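Have a look at the structure below, then the notes.
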Amino acid sequence: MISFTEAELLAWITPLLWPFLRALALFSSLPLLGTRVVPARVRVALAALVALAAQASLPPIAPVALDSWLAFMLVLQQLLIGISLGFAVRLVFAAIELAGEIVGLQMGLNFAGFFDPLTASQTTATSRFFGAIVGWLFIVINGHLLVIAALVDSFKAFPVGDQPFAFLQQARPQHPERFRPVLDLR
């Protein structure tokens with residue numbers, strides 16, 4: 001009979017769980033994979049594949065009890081970082097689609113608007129064209145691989161540890177007294 005302890009189970013699960021959650025949050029907010037066209041099962045399977053493949057290059061992750069407050073905070077950290085990475089890519093796509101809207105406005109093509117089921121909004125033909133071109137270029141220049149590399153590198157910048165939001169301490173201003181005159185509204 002095979003037997004194993006809870007500590008051994010946590011040692012197997014936690015090094016895969018945190019990269020999986022971060023990758024799933026990224027793929028759910030990424031422009032090409034986070035749309036309604038891509039089924040959720042595909043995103044989950046892709047996140048599991050990336051977490052498993054990237055496991056060898058990640059820094060060691062200490063086992064964490066999954067029923068603790070630290071585990072809850074680590075889940076929040078993984079979701080925040082993954083969604084932030086996907087949102088950064090989505091900003092680039094949105095800027096180019098906005099350029100398509102402006103081009104359509106300047107050319108007088110705004111009357112050719114139609115309902116876009118991906119964004120659930122009204123868009124123009126030039127915006128859809130620009131969005132399709134930027135999506136195609138994203139794949140052609142291996143942008144999807146660069147996003148996965150950024151995901152793996154994010155574990156060095158924002159490691160999984162006993163202080164999930166320690167990186168926010170570094171973002172805090174070093175000399176807050178310099179900002180006091182600006183914030184003083186008296």
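Going through the structure tokens in order, the chains are called A, B, and so on, while each chain numbers its residues from 1 and the ligands are numbered from 1 in the order shown.
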
Tell me, counting only C-alpha atoms, for each residue of segment 47-136 of chain A within 12 Å of segment 24-42 of chain A, which pair of atoms is nearest and how far apart they are in Å to one decimal, in rows ordered by chain and increasing number, as a Markdown table.
| residue | atom | partner | partner_atom | distance |
| --- | --- | --- | --- | --- |
| A:Ala47 | CA | A:Leu24 | CA | 5.1 |
| A:Ala48 | CA | A:Leu24 | CA | 8.0 |
| A:Leu49 | CA | A:Val42 | CA | 10.4 |
| A:Val50 | CA | A:Leu24 | CA | 9.4 |
| A:Ala51 | CA | A:Leu24 | CA | 9.3 |
| A:Val75 | CA | A:Ala25 | CA | 10.4 |
| A:Leu76 | CA | A:Ala25 | CA | 10.4 |
| A:Gln77 | CA | A:Ala25 | CA | 10.6 |
| A:Gln78 | CA | A:Ala25 | CA | 7.6 |
| A:Leu79 | CA | A:Ala25 | CA | 5.4 |
| A:Leu80 | CA | A:Ala25 | CA | 7.9 |
| A:Ile81 | CA | A:Leu26 | CA | 8.0 |
| A:Gly82 | CA | A:Leu26 | CA | 4.2 |
| A:Ile83 | CA | A:Leu26 | CA | 5.2 |
| A:Ser84 | CA | A:Leu26 | CA | 7.6 |
| A:Leu85 | CA | A:Leu26 | CA | 6.2 |
| A:Gly86 | CA | A:Leu30 | CA | 4.5 |
| A:Phe87 | CA | A:Ser29 | CA | 6.3 |
| A:Ala88 | CA | A:Leu30 | CA | 8.7 |
| A:Val89 | CA | A:Leu30 | CA | 6.7 |
| A:Arg90 | CA | A:Pro31 | CA | 5.5 |
| A:Leu91 | CA | A:Pro31 | CA | 9.1 |
| A:Val92 | CA | A:Pro31 | CA | 9.6 |
| A:Phe93 | CA | A:Pro31 | CA | 7.3 |
| A:Ala94 | CA | A:Pro31 | CA | 9.1 |
| A:Glu97 | CA | A:Pro31 | CA | 11.8 |
| A:Asp116 | CA | A:Arg36 | CA | 11.4 |
| A:Pro117 | CA | A:Arg36 | CA | 8.3 |
| A:Leu118 | CA | A:Thr35 | CA | 6.1 |
| A:Thr119 | CA | A:Thr35 | CA | 8.0 |
| A:Ala120 | CA | A:Arg36 | CA | 10.0 |
| A:Gly131 | CA | A:Pro31 | CA | 10.0 |
| A:Ala132 | CA | A:Leu32 | CA | 10.0 |
| A:Val134 | CA | A:Leu32 | CA | 10.2 |
| A:Gly135 | CA | A:Leu32 | CA | 6.9 |
| A:Trp136 | CA | A:Leu32 | CA | 9.7 |

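Closest approach to Gln163 of chain A among A:Ala95, A:Met107, A:Leu145, A:Val64 is made by A:Val64 (distances from only C-alpha atoms).
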
Can you pull out every residue within 9 Å of Ile148 of chain A, counting only C-alpha atoms, but drop anything in the same chain fewer than 5 positions away, and send it as a list in words? Ala23, Val50, Gly143 and Asp153 of chain A

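Atom to atom, atom CA of Leu70 of chain A and atom CA of Gly161 of chain A stand 8.9 Å apart.
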
Counting only C-alpha atoms, which residue out of A:Leu137, A:Leu168, A:Val152, A:Ala62 sits closest to Arg22 of chain A?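 Of the candidates, the smallest distance to Arg22 of chain A is held by A:Val152.
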
I need the residues in segment 29-169 of chain A that are strand (DSSP E or B) according to DSSP; give them as a PyMOL selection string. chain A and resi 114-116+121-123

Can you tell me which residues surround Trp12 of chain A at a distance of at most 12 Å, considering only C-alpha atoms, apart from same-chain residues fewer than 5 positions away, and format the answer as JSON, numbers by chain? {"A": [4, 5, 6, 7, 17, 18, 52, 55, 61, 62, 63, 64, 65]}

With distances taken over only C-alpha atoms, which residue among A:Asp67, A:Leu74, A:Ala11, A:Ser57 lies nearest Lys156 of chain A? A:Ser57

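Omitting Leu109 of chain A and its sequence neighbours fewer than 3 positions away, and counting only C-alpha atoms, the residues within 12 Å are Gly100, Glu101, Ile102, Val103, Gly104, Leu105, Gln106, Ala112, Gly113, Phe114, Thr123, Thr124, Ala125, Thr126 and Ser127 of chain A.
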